[in-house]
Amino acid sequence: MKTFPEIPDSPAGRQLVWYLERVSAGVDGSSEAELGSRCALNMVVRAPFPYPHEVQTGGWKRCSQSYGDFKVTCVEEVSDFHIAATLESASDKKTW
């Protein structure tokens, strides 16, 4: 599994790492409740994100395919609860 040591160990950082691990693995397995508890209601992702009903039906795989192979290129920790991160892939750049 891909790891993301450049992302800070903060509440927002842990949410982002959890999300990116699932995207990079492309494997379903989280529940709707886990998605809801791990991802804040105000989490803004400017990229594919599985709806709760998709987490068991290929949502993570579709997100993984959309991202492709990616790396974290920039992380700005605004506070423990706010992180802006930029990912780059072969196809484009995504910012959160």
# chains A, B, ... in the order shown; residues from 1 in each chain; ligands from 1
call {"tool": "select_by_dssp", "arguments": {"residues": "stretch 6-86 of chain A", "states": "strand (DSSP E or B)", "output": "ChimeraX atom specification"}}
result
/A:70-79,82-86
call {"tool": "residues_around", "arguments": {"residues": "A:Lys71", "least_positions_apart": "5", "cutoff": "7 Å", "atoms": "only C-alpha atoms", "output": "list of chain:residue names"}}
result
A:Leu87, A:Glu88, A:Ser89
call {"tool": "write_last_selection", "arguments": {"atoms": "N, CA and C atoms", "output": "PDB file, in the first residue's frame"}}
result
ATOM      1  N   LEU A  87      -1.851  17.044  -5.626  1.00  0.00           N
ATOM      2  CA  LEU A  87      -1.397  15.759  -6.151  1.00  0.00           C
ATOM      3  C   LEU A  87      -1.108  15.932  -7.622  1.00  0.00           C
ATOM      4  N   GLU A  88      -0.112  15.245  -8.090  1.00  0.00           N
ATOM      5  CA  GLU A  88       0.159  15.238  -9.526  1.00  0.00           C
ATOM      6  C   GLU A  88       0.150  13.813 -10.034  1.00  0.00           C
ATOM      7  N   SER A  89      -0.448  13.655 -11.182  1.00  0.00           N
ATOM      8  CA  SER A  89      -0.452  12.357 -11.854  1.00  0.00           C
ATOM      9  C   SER A  89       0.037  12.570 -13.276  1.00  0.00           C
TER      10      SER A  89
END
call {"tool": "residues_around", "arguments": {"residues": "A:Glu6", "least_positions_apart": "4", "cutoff": "9 Å", "atoms": "only C-alpha atoms", "output": "compact mmCIF listing (two decimals) with N, CA, C and O atoms, in the first residue's frame"}}
result
# COMPACT_ATOMS: atom_id res chain seq x y z
N VAL A 72 1.97 13.08 -3.97
CA VAL A 72 1.68 14.33 -3.28
C VAL A 72 2.85 15.26 -3.54
O VAL A 72 4.00 14.91 -3.27
N THR A 73 2.58 16.43 -4.11
CA THR A 73 3.67 17.34 -4.46
C THR A 73 3.73 18.57 -3.56
O THR A 73 4.77 19.22 -3.50
N CYS A 74 2.65 18.88 -2.88
CA CYS A 74 2.64 20.06 -2.02
C CYS A 74 1.61 19.85 -0.92
O CYS A 74 0.51 19.38 -1.18
N VAL A 75 1.98 20.19 0.32
CA VAL A 75 1.06 20.12 1.44
C VAL A 75 1.18 21.41 2.23
O VAL A 75 2.27 21.83 2.60
call {"tool": "atom_distance", "arguments": {"atom1": "atom CA of A:Pro5", "atom2": "atom CA of A:Arg22"}}
result
15.4 Å
call {"tool": "closest_residue", "arguments": {"among": "A:Ser66, A:Ser10, A:Ser79, A:Gln15", "to": "A:Ser37", "atoms": "only C-alpha atoms"}}
result
A:Gln15
call {"tool": "closest_residue", "arguments": {"among": "A:Gly26, A:Lys2, A:Val17, A:Asp9", "to": "A:Arg62", "atoms": "only C-alpha atoms"}}
result
A:Gly26
call {"tool": "closest_residue", "arguments": {"among": "A:Ala90, A:Gln56, A:Lys61, A:Leu20", "to": "A:Glu34", "atoms": "only C-alpha atoms"}}
result
A:Gln56
call {"tool": "closest_residue", "arguments": {"among": "A:Ile83, A:Pro8, A:Trp60, A:Met1", "to": "A:Gly29", "atoms": "only C-alpha atoms"}}
result
A:Trp60
call {"tool": "atom_distance", "arguments": {"atom1": "atom CA of A:Gln65", "atom2": "atom CA of A:Phe4"}}
result
18.8 Å
call {"tool": "atom_distance", "arguments": {"atom1": "atom CA of A:Phe81", "atom2": "atom CA of A:Pro11"}}
result
5.8 Å
call {"tool": "closest_residue", "arguments": {"among": "A:Gly58, A:Glu77, A:Phe70, A:Ala33", "to": "A:Glu21", "atoms": "only C-alpha atoms"}}
result
A:Phe70
call {"tool": "select_by_dssp", "arguments": {"residues": "stretch 2-92 of chain A", "states": "helix (DSSP H, G or I)", "output": "VMD selection string"}}
result
chain A and resid 11 to 25 32 to 38 52 to 54 59 to 67
